[in-house]
Amino acid sequence: MTVLLDVADVSKRFSVGSALGPWARLKRRFSGGPEQLPKVYAVDDVSFVIGKGETVGLVGESGCGKSTLVRALTRLIDVSDGTIKLGDRDLSRKAARVFARDRDRARIQMVFQDAGESVNPRFTGFDAIADPLRRLRKLRGRALTERVETVATQCGLPLQLLTRYPHQLSGGQRARVGIARAIAVEPELLVLDEPTAALDVSVQVVILQLLQRLKKEIGMSYLFVSHDLSVVRLLCDRVLVMYLGKIVESGPAKDVFENPLHPYTQALVAAVPRLHDDGVERLRLDGEPRSPIDPDPNVCRFYGRCPRGTDLCKTTMPMLRHFGARQAACHFAEDYLAKPKTTT
Amino acid sequence: MKAASALSVEGLSVEFRTRSGIVRALDNVSFAVEKGETIALVGESGSGKSVTAYAVMGILDPAGKVTAGRATLDGLDLLAATQSQLADVRGRKIAMIFQNPRTALNPIRTVGRQIADVLIRHGNVSRHDAPEKAIDMLRAVGITDPSRRAGAYPFEMSGGMCQRVMIAIALAAKPTLLIADEPTTGLDVTTQAVIMDLVNDLAREMGMGTIFITHDLALAGQRSSRIVVMHAGHVVENAPTAELFAHPRHPYTAELIAATPDSAANLDELASIPGSLPDLRRTDLPPCRYSERCPRKIDACVQPLPHPAPNAVHFVACWNPLPAGTVSVPTESAA
């Protein structure tokens with residue numbers, strides 16, 4: 001497997017309390033308050049790779065740092081620490097502000113949740129798809145029209161709809177516009193942030209099948225962010241599970257969902273409603289997640305909500321450890337691994 | 001069986017006047033909820049799930065009008081009731097949980113106050129005791145440190161906590177019927193599981209009938225004993241949950257089940273539903289609003305639909321239904 005994207009030790013911290021005015025901050029400094037403002041550890045020391053042609057799923061609950069991580073990878077925001085390598089080039093060195101005009105901008109593209117919200121409402125479908133081509137490929141005139149029509153057709157968008165504005169399109173058509181504009185510049189990595197969350201199941205199926213077909217045709221890699229595990233299971237080769245800024249488990253999608261090694265993944269899998277309920281006793285998570293503001297580096301992030309939580313978890317942060325092709329950050333991962341299911 | 005019904009809806013039709021014509025949003029919708037039972041209204045967006053709930057609650061948009069039907073709750077027809085009768089019923093007998101708790105709650109009133117308001121108006125609780133009772137309610141819905149949280153504003157709480165507050169408000173006056181309109185959309189699956197457990201447990205404890213509105217067939221299956229499938233303002237099928245999943249009879253239900261991601265081992269197995277909802281403004285709508293998308297259409301489909309019977313065990317509004325007792329999954333898929 002050739003590595004396309006190599007993310008190493010990436011962290012993103014946001015200061016909180018900068019809402020204090022400059023005067024209040026000065027006063028704080030001179031009255032012996034802490035030198036540094038408290039920080040939210042939105043993404044904390046995250047490493048993973050995405051191979052060429054691979055589909056990787058990223059799951060986790062809201063507030064766990066999925067979106068921050070994705071925005072850092074797509075270079076919409078700057079990272080606090082770590083490197084993001086696309087091929088041989090380290091993208092994290094370049095400030096997000098300048099990256100918009102970088103030659104590599106076209107290599108990572110993003111599909112946002114709802115094209116009705118993320119596409120300029122004053123742009124017709126044509127303009128929305130043409131915009132990245134104008135800026136990044138410098139296409140004009142005939143060449144531009146041709147390219148827009150090619151991708152629109154590729155995404156199953158009837159050409160007569162290209163003159164319409166987002167509000168005149170149905171949810172499924174808007175999703176197609178969002179995908180078409182992202183793939184227009186032929187990216188190598190496509191980051192999809194819950195592309196089907198706003199759609200009905202019947203339309204969702206069509207869009208997922210479209211994504212799978214496009215991947216084969218164009219040979220892109222996908223990073224698929226979703227909270228819908230049943231969709232991730234169908235689309236992804238590998239899955240990353242995030243909890244409070246950390247990756248707690250990763251591995252082949254099938255293994256992770258069938259035999260989760262981290263208690264959080266277990267709870268996540270147990271919470272997914274099943275069409276044919278097997279009547280198995282369900283694991284429930286009580287309480288709220290720990291605060292992401294200046295977390296104690298020696299306590300497991302899941303401690304307090306974890307049904308297992310021991311004294312060891314309170315004093316030592318579990319590291320990601322390898323189990324064959326899989327990784328898990330739990331002191332007791334072996335116990336869960338010890339009862340492997342025979343794969344059918 | 002009528003006596004045991006918490007709510008029975010018969011022949012409900014609703015129209016909306018719009019600039020571009022009359023939208024026939026609901027047509028002849030009938031179903032019943034028994035006391036202590038949870039039924040689910042399932043369908044795609046635009047199928048009329050929420051409009052049904054709004055019509056029953058009497059909170060339709062001014063452009064909407066109930067043109068026919070009855071909705072009987074304890075002998076009172078809600079659709080014919082006066083505003084003052086309704087104001088008494090809402091909160092005391094029917095309560096509703098809305099989709100987005102953060103917008104449904106009052107942003108400038110503490111959550112404790114909001115619960116106390118309901119208790120004072122509907123719960124026979126004096127002004128003096130209300131704040132304390134409100135804290136009890138917060139505790140009952142599983143909010144930790146309830147006495148401190150009672151003084152919090154909605155923006156200070158997470159989505160899951162706000163939804164718990166909504167549930168506390170809805171259940172404050174111990175209603176006989178609870179309508180939950182997509183109560184967990186926008187929440188995480190882990191929170192969703194906890195919230196749905198809470199609604200189910202409290203409903204069972206209080207013997208409430210619950211109408212659970214959702215687009216998630218898998219969630220509906222897990223949480224309700226009966227499922228009412230809606231399509232373009234019609235009830236197309238109404239059956240006990242296990243029966244519906246094992247032997248869907250309406251072609252639309254079968255396709256809906258086949259399109260649920262959980263039902264397939266890989267993406268190619270998932271079937272999409274061809275076509276889309278018909279334009280409900282059309283004056284030439286066929287009697288069966290699914291017939292234009294339907295793979296099983298026959299000549300008889302131009303007749304008016306079989307009349308829905310609210311008390312039938314397995315009702316299907318179709319002239320050519322799938323045979324009972326055979327599992328059928330359409331394998332057709334669109335490009």
# chains A, B, ... in the order shown; residues from 1 in each chain; ligands from 1
>>> residues_around(residues="segment 7-24 of chain B", least_positions_apart="3", cutoff="6 Å", atoms="only C-alpha atoms", output="list of chain:residue names")
B:Asp27, B:Asn28, B:Val29, B:Ser30, B:Phe31, B:Ala32, B:Val33, B:Ala63, B:Gly64, B:Lys65, B:Val66, B:Thr67, B:Ala68, B:Gly69, B:Arg70, B:Ala71, B:Thr72, B:Leu73, B:Leu280, B:Arg281
>>> interface_residues(of="chain B", to="chain A", cutoff="6 Å", atoms="only C-alpha atoms", output="short mmCIF file (atom, residue, chain, number, x, y, z; two decimals) with N, CA and C atoms, in the first residue's frame")
data_model
loop_
_atom_site.label_atom_id
_atom_site.label_comp_id
_atom_site.auth_asym_id
_atom_site.auth_seq_id
_atom_site.Cartn_x
_atom_site.Cartn_y
_atom_site.Cartn_z
N GLU B 44 -40.46 9.05 4.79
CA GLU B 44 -39.43 9.99 4.34
C GLU B 44 -39.86 11.41 4.66
N ASP B 188 -25.99 12.18 19.35
CA ASP B 188 -25.12 11.04 19.07
C ASP B 188 -25.82 9.73 19.34
N VAL B 189 -25.35 8.67 18.70
CA VAL B 189 -26.01 7.38 18.92
C VAL B 189 -25.98 6.97 20.37
N THR B 190 -24.88 7.26 21.07
CA THR B 190 -24.81 6.84 22.48
C THR B 190 -25.85 7.61 23.30
N ALA B 193 -29.43 6.41 22.48
CA ALA B 193 -29.84 5.19 23.16
C ALA B 193 -30.32 5.50 24.57
N ALA B 218 -34.86 1.52 11.62
CA ALA B 218 -34.23 0.61 12.59
C ALA B 218 -34.54 1.05 14.02
N LEU B 219 -34.48 2.37 14.26
CA LEU B 219 -34.78 2.90 15.59
C LEU B 219 -36.24 2.66 15.94
N ALA B 259 -33.71 -0.42 1.78
CA ALA B 259 -32.81 0.72 1.64
C ALA B 259 -32.11 1.07 2.94
N PRO B 261 -29.45 0.94 5.67
CA PRO B 261 -28.08 0.43 5.58
C PRO B 261 -27.84 -0.81 6.41
N ASP B 262 -28.57 -0.96 7.48
CA ASP B 262 -28.36 -2.08 8.37
C ASP B 262 -28.74 -3.42 7.73
N ASN B 266 -23.21 -5.49 2.02
CA ASN B 266 -22.37 -4.52 1.33
C ASN B 266 -23.23 -3.54 0.54
N LEU B 267 -22.58 -2.53 0.02
CA LEU B 267 -23.29 -1.41 -0.57
C LEU B 267 -24.10 -1.80 -1.80
N SER B 272 -32.14 1.15 -3.79
CA SER B 272 -32.69 2.49 -3.67
C SER B 272 -34.14 2.45 -4.14
N ILE B 273 -34.89 3.49 -3.74
CA ILE B 273 -36.29 3.56 -4.16
C ILE B 273 -36.37 4.49 -5.36
#
>>> select_by_dssp(residues="segment 103-261 of chain A", states="strand (DSSP E)", output="CSV table (one decimal) with C-alpha atoms, in the first residue's frame")
chain,number,residue,atom,x,y,z
A,108,ILE,CA,-7.3,17.5,-1.0
A,109,GLN,CA,-10.9,18.5,-1.5
A,110,MET,CA,-13.9,18.4,0.9
A,111,VAL,CA,-17.6,17.5,0.6
A,189,LEU,CA,-8.0,12.7,-1.2
A,190,LEU,CA,-11.6,13.5,-0.8
A,191,VAL,CA,-12.8,14.3,2.7
A,192,LEU,CA,-16.5,13.7,3.2
A,193,ASP,CA,-18.1,15.3,6.3
A,221,SER,CA,-8.9,8.0,-1.4
A,222,TYR,CA,-11.7,8.9,1.0
A,223,LEU,CA,-11.8,10.0,4.5
A,224,PHE,CA,-15.4,9.5,5.5
A,225,VAL,CA,-16.6,11.3,8.6
A,238,ARG,CA,-10.7,0.9,7.8
A,239,VAL,CA,-12.1,2.9,10.6
A,240,LEU,CA,-10.7,5.3,13.2
A,241,VAL,CA,-12.7,5.9,16.4
A,242,MET,CA,-12.1,9.2,18.2
A,243,TYR,CA,-13.0,10.1,21.8
A,246,LYS,CA,-7.7,11.1,20.8
A,247,ILE,CA,-7.9,8.1,18.6
A,248,VAL,CA,-9.0,5.3,20.9
A,249,GLU,CA,-9.2,2.5,18.3
A,250,SER,CA,-8.5,1.8,14.7
A,251,GLY,CA,-8.5,-1.2,12.4
A,252,PRO,CA,-10.3,-2.9,9.5
>>> residues_around(residues="segment 116-123 of chain A", least_positions_apart="6", cutoff="12 Å", atoms="only C-alpha atoms", output="PyMOL selection string")
chain A and resi 110+129-132+162-182+193+195+198-199
>>> select_by_dssp(residues="segment 35-147 of chain A", states="alpha helix (DSSP H)", output="PyMOL selection string")
chain A and resi 66-73+96-99+115-118+125-136+141-147
>>> residues_around(residues="Ala8 of chain A", least_positions_apart="6", cutoff="8 Å", atoms="only C-alpha atoms", output="PyMOL selection string")
chain A and resi 45-48+82-84
>>> write_last_selection(atoms="C-alpha atoms", output="JSON list (two decimals), in the first residue's frame")
[["chain", "number", "residue", "atom", "x", "y", "z"],
["A", 45, "ASP", "CA", -1.51, 13.81, 19.42],
["A", 46, "VAL", "CA", -3.26, 12.03, 16.58],
["A", 47, "SER", "CA", -1.35, 9.88, 14.09],
["A", 48, "PHE", "CA", -2.64, 7.77, 11.21],
["A", 82, "GLY", "CA", 2.65, 17.72, 14.27],
["A", 83, "THR", "CA", 2.99, 17.16, 10.56],
["A", 84, "ILE", "CA", 0.56, 16.40, 7.75]]
>>> closest_residue(among="B:Ser276, B:Gln99, B:Thr253, B:Thr184", to="Met230 of chain B", atoms="only C-alpha atoms")
B:Thr253
>>> residues_around(residues="Val236 of chain B", least_positions_apart="6", cutoff="10 Å", atoms="only C-alpha atoms", output="PyMOL selection string")
chain B and resi 29+43+228-230+249-253+288-290+305+308+315-318
>>> residues_around(residues="segment 119-122 of chain B", least_positions_apart="6", cutoff="12 Å", atoms="only C-alpha atoms", output="number ranges by chain")
B: 87-95, 112-113, 128-137, 168-175
>>> closest_residue(among="B:Leu177, B:Ala265, B:Ala312, B:Met157", to="Pro101 of chain B", atoms="only C-alpha atoms")
B:Met157
>>> residues_around(residues="segment 67-80 of chain A", least_positions_apart="3", cutoff="6 Å", atoms="only C-alpha atoms", output="list in words")
Ser11, Lys12 and Ala96 of chain A
>>> atom_distance(atom1="atom CA of Ile143 of chain B", atom2="atom CA of Cys306 of chain A")
18.1 Å
>>> decode(residues="segment 236-256 of chain A", atoms="N, CA and C atoms", output="PDB file, in the first residue's frame")
ATOM      1  N   CYS A 236     -16.528   1.726   4.267  1.00  0.00           N
ATOM      2  CA  CYS A 236     -15.123   1.940   4.607  1.00  0.00           C
ATOM      3  C   CYS A 236     -14.325   0.648   4.732  1.00  0.00           C
ATOM      4  N   ASP A 237     -13.033   0.738   4.344  1.00  0.00           N
ATOM      5  CA  ASP A 237     -12.118  -0.384   4.547  1.00  0.00           C
ATOM      6  C   ASP A 237     -11.632  -0.395   5.984  1.00  0.00           C
ATOM      7  N   ARG A 238     -11.276   0.799   6.457  1.00  0.00           N
ATOM      8  CA  ARG A 238     -10.686   0.914   7.775  1.00  0.00           C
ATOM      9  C   ARG A 238     -11.417   1.996   8.543  1.00  0.00           C
ATOM     10  N   VAL A 239     -11.386   1.927   9.858  1.00  0.00           N
ATOM     11  CA  VAL A 239     -12.121   2.920  10.626  1.00  0.00           C
ATOM     12  C   VAL A 239     -11.272   3.426  11.789  1.00  0.00           C
ATOM     13  N   LEU A 240     -11.399   4.729  12.068  1.00  0.00           N
ATOM     14  CA  LEU A 240     -10.737   5.349  13.214  1.00  0.00           C
ATOM     15  C   LEU A 240     -11.840   5.793  14.175  1.00  0.00           C
ATOM     16  N   VAL A 241     -11.681   5.456  15.446  1.00  0.00           N
ATOM     17  CA  VAL A 241     -12.671   5.875  16.432  1.00  0.00           C
ATOM     18  C   VAL A 241     -12.038   6.942  17.311  1.00  0.00           C
ATOM     19  N   MET A 242     -12.677   8.088  17.417  1.00  0.00           N
ATOM     20  CA  MET A 242     -12.120   9.184  18.211  1.00  0.00           C
ATOM     21  C   MET A 242     -12.939   9.398  19.468  1.00  0.00           C
ATOM     22  N   TYR A 243     -12.255   9.724  20.549  1.00  0.00           N
ATOM     23  CA  TYR A 243     -12.956  10.111  21.771  1.00  0.00           C
ATOM     24  C   TYR A 243     -12.172  11.232  22.439  1.00  0.00           C
ATOM     25  N   LEU A 244     -12.806  12.360  22.643  1.00  0.00           N
ATOM     26  CA  LEU A 244     -12.188  13.523  23.274  1.00  0.00           C
ATOM     27  C   LEU A 244     -10.789  13.826  22.727  1.00  0.00           C
ATOM     28  N   GLY A 245     -10.687  13.972  21.437  1.00  0.00           N
ATOM     29  CA  GLY A 245      -9.443  14.436  20.840  1.00  0.00           C
ATOM     30  C   GLY A 245      -8.413  13.367  20.571  1.00  0.00           C
ATOM     31  N   LYS A 246      -8.666  12.154  21.038  1.00  0.00           N
ATOM     32  CA  LYS A 246      -7.697  11.069  20.848  1.00  0.00           C
ATOM     33  C   LYS A 246      -8.306   9.977  19.984  1.00  0.00           C
ATOM     34  N   ILE A 247      -7.437   9.286  19.240  1.00  0.00           N
ATOM     35  CA  ILE A 247      -7.911   8.087  18.567  1.00  0.00           C
ATOM     36  C   ILE A 247      -7.825   6.952  19.576  1.00  0.00           C
ATOM     37  N   VAL A 248      -8.950   6.310  19.845  1.00  0.00           N
ATOM     38  CA  VAL A 248      -8.954   5.253  20.859  1.00  0.00           C
ATOM     39  C   VAL A 248      -8.904   3.871  20.231  1.00  0.00           C
ATOM     40  N   GLU A 249      -9.311   3.778  18.967  1.00  0.00           N
ATOM     41  CA  GLU A 249      -9.247   2.481  18.312  1.00  0.00           C
ATOM     42  C   GLU A 249      -9.191   2.675  16.806  1.00  0.00           C
ATOM     43  N   SER A 250      -8.458   1.798  16.126  1.00  0.00           N
ATOM     44  CA  SER A 250      -8.472   1.813  14.672  1.00  0.00           C
ATOM     45  C   SER A 250      -8.248   0.401  14.171  1.00  0.00           C
ATOM     46  N   GLY A 251      -8.658   0.157  12.949  1.00  0.00           N
ATOM     47  CA  GLY A 251      -8.489  -1.173  12.386  1.00  0.00           C
ATOM     48  C   GLY A 251      -9.448  -1.408  11.246  1.00  0.00           C
ATOM     49  N   PRO A 252      -9.405  -2.592  10.622  1.00  0.00           N
ATOM     50  CA  PRO A 252     -10.332  -2.917   9.544  1.00  0.00           C
ATOM     51  C   PRO A 252     -11.769  -2.789  10.039  1.00  0.00           C
ATOM     52  N   ALA A 253     -12.627  -2.162   9.240  1.00  0.00           N
ATOM     53  CA  ALA A 253     -13.981  -1.827   9.685  1.00  0.00           C
ATOM     54  C   ALA A 253     -14.715  -3.056  10.232  1.00  0.00           C
ATOM     55  N   LYS A 254     -14.571  -4.170   9.552  1.00  0.00           N
ATOM     56  CA  LYS A 254     -15.312  -5.366   9.927  1.00  0.00           C
ATOM     57  C   LYS A 254     -14.900  -5.824  11.336  1.00  0.00           C
ATOM     58  N   ASP A 255     -13.574  -5.881  11.569  1.00  0.00           N
ATOM     59  CA  ASP A 255     -13.083  -6.321  12.880  1.00  0.00           C
ATOM     60  C   ASP A 255     -13.541  -5.380  13.980  1.00  0.00           C
ATOM     61  N   VAL A 256     -13.393  -4.072  13.724  1.00  0.00           N
ATOM     62  CA  VAL A 256     -13.715  -3.099  14.769  1.00  0.00           C
ATOM     63  C   VAL A 256     -15.180  -3.204  15.170  1.00  0.00           C
TER      64      VAL A 256
END
